[in-house]
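Structure file start.cif (mmCIF, C-alpha atoms) is printed below.
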```cif
data_structure
#
loop_
_atom_site.group_PDB
_atom_site.id
_atom_site.type_symbol
_atom_site.label_atom_id
_atom_site.label_comp_id
_atom_site.auth_asym_id
_atom_site.auth_seq_id
_atom_site.Cartn_x
_atom_site.Cartn_y
_atom_site.Cartn_z
ATOM 1 C CA MET A 7 0.000 0.000 0.000
ATOM 2 C CA ALA A 8 1.349 3.398 -0.982
ATOM 3 C CA LYS A 9 1.741 6.187 1.516
ATOM 4 C CA LYS A 10 -1.454 8.125 2.074
ATOM 5 C CA SER A 11 0.343 11.411 1.392
ATOM 6 C CA MET A 12 1.455 10.248 -2.059
ATOM 7 C CA ILE A 13 -2.063 9.185 -2.992
ATOM 8 C CA GLU A 14 -3.456 12.514 -1.801
ATOM 9 C CA ARG A 15 -0.768 14.423 -3.700
ATOM 10 C CA GLU A 16 -1.722 12.610 -6.889
ATOM 11 C CA LEU A 17 -5.407 13.382 -6.343
ATOM 12 C CA LYS A 18 -4.533 17.040 -5.831
ATOM 13 C CA ARG A 19 -2.592 17.033 -9.101
ATOM 14 C CA GLN A 20 -5.522 15.458 -10.954
ATOM 15 C CA LYS A 21 -7.823 18.152 -9.606
ATOM 16 C CA LEU A 22 -5.426 20.931 -10.666
ATOM 17 C CA VAL A 23 -4.990 19.467 -14.155
ATOM 18 C CA LYS A 24 -8.746 19.396 -14.647
ATOM 19 C CA GLN A 25 -9.157 22.916 -13.244
ATOM 20 C CA TYR A 26 -6.499 24.543 -15.460
ATOM 21 C CA ALA A 27 -6.934 22.431 -18.623
ATOM 22 C CA ALA A 28 -8.932 24.977 -20.629
ATOM 23 C CA ARG A 29 -6.741 27.919 -19.623
ATOM 24 C CA ARG A 30 -3.563 25.983 -20.382
ATOM 25 C CA LEU A 31 -4.856 24.892 -23.806
ATOM 26 C CA ALA A 32 -5.828 28.455 -24.748
ATOM 27 C CA LEU A 33 -2.414 29.817 -23.770
ATOM 28 C CA LYS A 34 -0.618 27.034 -25.633
ATOM 29 C CA THR A 35 -2.536 27.724 -28.850
ATOM 30 C CA VAL A 36 -1.709 31.432 -28.628
ATOM 31 C CA ALA A 37 1.962 30.714 -27.917
ATOM 32 C CA ALA A 38 2.232 28.273 -30.841
ATOM 33 C CA ASN A 39 0.422 30.467 -33.388
ATOM 34 C CA LEU A 40 3.128 31.916 -35.636
ATOM 35 C CA ASP A 41 0.695 34.369 -37.266
ATOM 36 C CA LEU A 42 0.443 36.425 -34.061
ATOM 37 C CA PRO A 43 3.021 39.069 -33.119
ATOM 38 C CA MET A 44 6.030 37.915 -31.113
ATOM 39 C CA GLU A 45 5.133 40.079 -28.084
ATOM 40 C CA GLN A 46 1.690 38.501 -27.774
ATOM 41 C CA ARG A 47 3.125 34.975 -28.012
ATOM 42 C CA PHE A 48 5.776 35.831 -25.426
ATOM 43 C CA LYS A 49 3.129 37.153 -23.013
ATOM 44 C CA ALA A 50 1.180 33.926 -23.447
ATOM 45 C CA GLN A 51 4.322 31.919 -22.638
ATOM 46 C CA LEU A 52 4.895 33.995 -19.509
ATOM 47 C CA LYS A 53 1.309 33.429 -18.374
ATOM 48 C CA LEU A 54 1.717 29.731 -19.093
ATOM 49 C CA ALA A 55 4.861 29.653 -16.953
ATOM 50 C CA GLY A 56 2.951 31.449 -14.204
ATOM 51 C CA LEU A 57 0.419 28.643 -13.855
ATOM 52 C CA PRO A 58 1.005 26.081 -11.076
ATOM 53 C CA ARG A 59 3.453 23.354 -12.036
ATOM 54 C CA ASN A 60 1.146 20.629 -10.826
ATOM 55 C CA SER A 61 -1.528 21.757 -13.279
ATOM 56 C CA SER A 62 0.491 20.217 -16.122
ATOM 57 C CA ALA A 63 -0.759 16.832 -17.300
ATOM 58 C CA THR A 64 2.798 15.515 -17.626
ATOM 59 C CA ARG A 65 3.202 15.591 -13.850
ATOM 60 C CA LEU A 66 0.447 13.020 -13.359
ATOM 61 C CA HIS A 67 1.463 9.464 -12.594
ATOM 62 C CA ASN A 68 -0.889 6.510 -12.931
ATOM 63 C CA ARG A 69 -1.570 4.678 -9.686
ATOM 64 C CA CYS A 70 -3.480 1.535 -8.760
ATOM 65 C CA GLU A 71 -7.042 2.356 -7.703
ATOM 66 C CA LEU A 72 -6.951 -0.096 -4.789
ATOM 67 C CA THR A 73 -3.443 0.179 -3.370
ATOM 68 C CA GLY A 74 -1.972 3.348 -4.872
ATOM 69 C CA ARG A 75 1.035 1.452 -6.238
ATOM 70 C CA PRO A 76 2.743 3.594 -8.917
ATOM 71 C CA ARG A 77 4.588 0.857 -10.804
ATOM 72 C CA SER A 78 3.436 -1.982 -13.071
ATOM 73 C CA TYR A 79 0.094 -0.303 -13.752
ATOM 74 C CA TYR A 80 -2.416 -1.650 -16.289
ATOM 75 C CA ARG A 81 -4.211 1.303 -17.875
ATOM 76 C CA LYS A 82 -7.164 -0.691 -19.109
ATOM 77 C CA LEU A 83 -8.036 -1.980 -15.656
ATOM 78 C CA LYS A 84 -6.510 0.824 -13.532
ATOM 79 C CA LEU A 85 -4.859 -1.820 -11.344
ATOM 80 C CA SER A 86 -1.347 -2.883 -10.518
ATOM 81 C CA ARG A 87 -0.127 -6.332 -11.530
ATOM 82 C CA ILE A 88 -0.303 -7.590 -7.939
ATOM 83 C CA MET A 89 -3.924 -6.605 -7.403
ATOM 84 C CA LEU A 90 -4.809 -7.878 -10.872
ATOM 85 C CA ARG A 91 -3.413 -11.297 -10.000
ATOM 86 C CA ASP A 92 -5.158 -11.371 -6.610
ATOM 87 C CA LEU A 93 -8.535 -10.401 -8.040
ATOM 88 C CA ALA A 94 -8.142 -12.842 -10.941
ATOM 89 C CA SER A 95 -7.288 -15.664 -8.537
ATOM 90 C CA PHE A 96 -10.465 -14.984 -6.566
ATOM 91 C CA GLY A 97 -12.500 -14.852 -9.788
ATOM 92 C CA GLN A 98 -13.553 -11.221 -9.358
ATOM 93 C CA ILE A 99 -12.515 -10.096 -12.853
ATOM 94 C CA PRO A 100 -14.994 -11.393 -15.455
ATOM 95 C CA GLY A 101 -13.450 -13.533 -18.176
ATOM 96 C CA MET A 102 -10.002 -13.691 -16.619
ATOM 97 C CA VAL A 103 -8.686 -17.089 -15.619
ATOM 98 C CA LYS A 104 -5.328 -17.829 -14.049
ATOM 99 C CA SER A 105 -3.362 -19.917 -16.484
ATOM 100 C CA SER A 106 -1.777 -23.210 -15.599
ATOM 101 C CA TRP A 107 0.107 -25.702 -17.787
#
```
Would you put the structure from the file into structure tokens?
Amino acid sequence: MAKKSMIERELKRQKLVKQYAARRLALKTVAANLDLPMEQRFKAQLKLAGLPRNSSATRLHNRCELTGRPRSYYRKLKLSRIMLRDLASFGQIPGMVKSSW
């Protein structure tokens, strides 16, 4: 189980990303538009740099929904490999059977 503080930090980042997504997208389009004057694009870049760092989507890290484990994460199921194996062994994931040969 991951530390509670790390899980909370990740939830805070997700909230910030969602909150600033529209503003960040608008500033990025202005900054990337080469038809606009250089001063206007530079101001947009400065405003973009002024936004909180944790509002950037690249700072998010996928974590297991049950344990908060950050590594070996399956995106489709939102679970770590350990929890996936445990749930599959107990038959709680439909259609998944533990293989044996």
### Query
Using all atoms listed in the file, which residue out of A:Lys84, A:Lys104, A:Arg77, A:Arg47 lies closest to A:Leu33?
A:Arg47
### Task
Give me the residues within 12 Å of A:Arg87 as number ranges by chain, counting all atoms listed in the file and dropping any in the same chain fewer than 5 places off.
A: 69-82, 92-94
Okay, now the selection with C-alpha atoms, as a PDB file, keeping the file's coordinate frame?
```pdb
ATOM      1  CA  ARG A  69      -1.570   4.678  -9.686  1.00  0.00           C
ATOM      2  CA  CYS A  70      -3.480   1.535  -8.760  1.00  0.00           C
ATOM      3  CA  GLU A  71      -7.042   2.356  -7.703  1.00  0.00           C
ATOM      4  CA  LEU A  72      -6.951  -0.096  -4.789  1.00  0.00           C
ATOM      5  CA  THR A  73      -3.443   0.179  -3.370  1.00  0.00           C
ATOM      6  CA  GLY A  74      -1.972   3.348  -4.872  1.00  0.00           C
ATOM      7  CA  ARG A  75       1.035   1.452  -6.238  1.00  0.00           C
ATOM      8  CA  PRO A  76       2.743   3.594  -8.917  1.00  0.00           C
ATOM      9  CA  ARG A  77       4.588   0.857 -10.804  1.00  0.00           C
ATOM     10  CA  SER A  78       3.436  -1.982 -13.071  1.00  0.00           C
ATOM     11  CA  TYR A  79       0.094  -0.303 -13.752  1.00  0.00           C
ATOM     12  CA  TYR A  80      -2.416  -1.650 -16.289  1.00  0.00           C
ATOM     13  CA  ARG A  81      -4.211   1.303 -17.875  1.00  0.00           C
ATOM     14  CA  LYS A  82      -7.164  -0.691 -19.109  1.00  0.00           C
ATOM     15  CA  ASP A  92      -5.158 -11.371  -6.610  1.00  0.00           C
ATOM     16  CA  LEU A  93      -8.535 -10.401  -8.040  1.00  0.00           C
ATOM     17  CA  ALA A  94      -8.142 -12.842 -10.941  1.00  0.00           C
TER      18      ALA A  94
END
```
### Message
For the PyMOL selection byres ((chain A and resi 34-37) around 8), applied here, can you spell out every residue it catches as a ChimeraX atom specification?
### Response
/A:30-33,38-40,42,46-48,50-51,54
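With the shown file loaded, the PyMOL selection byres ((chain A and resi 65) around 12) picks out Arg15, Glu16, Leu17, Lys18, Arg19, Gln20, Leu22, Val23, Pro58, Arg59, Asn60, Ser61, Ser62, Ala63, Thr64, Leu66, His67 and Asn68 of chain A.
Rounded to one decimal, atom CA of A:Leu57 and atom CA of A:Arg29 lie 9.2 Å from each other.
Taking atom CA of A:Lys9 as the reference point, atom CA of A:Leu90 is found at 19.9 Å.
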Using all atoms of stretch 37-47 of chain A listed in the file and a margin of 8 Å per side, can you give the axis-aligned box centre and edge lengths in Å to one decimal, as JSON?
```
{"center_x": 3.2, "center_y": 34.2, "center_z": -32.5, "size_x": 21.6, "size_y": 27.8, "size_z": 25.5}
```
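Between atom CA of A:Met89 and atom CA of A:Ile13 there is a distance of 16.5 Å.
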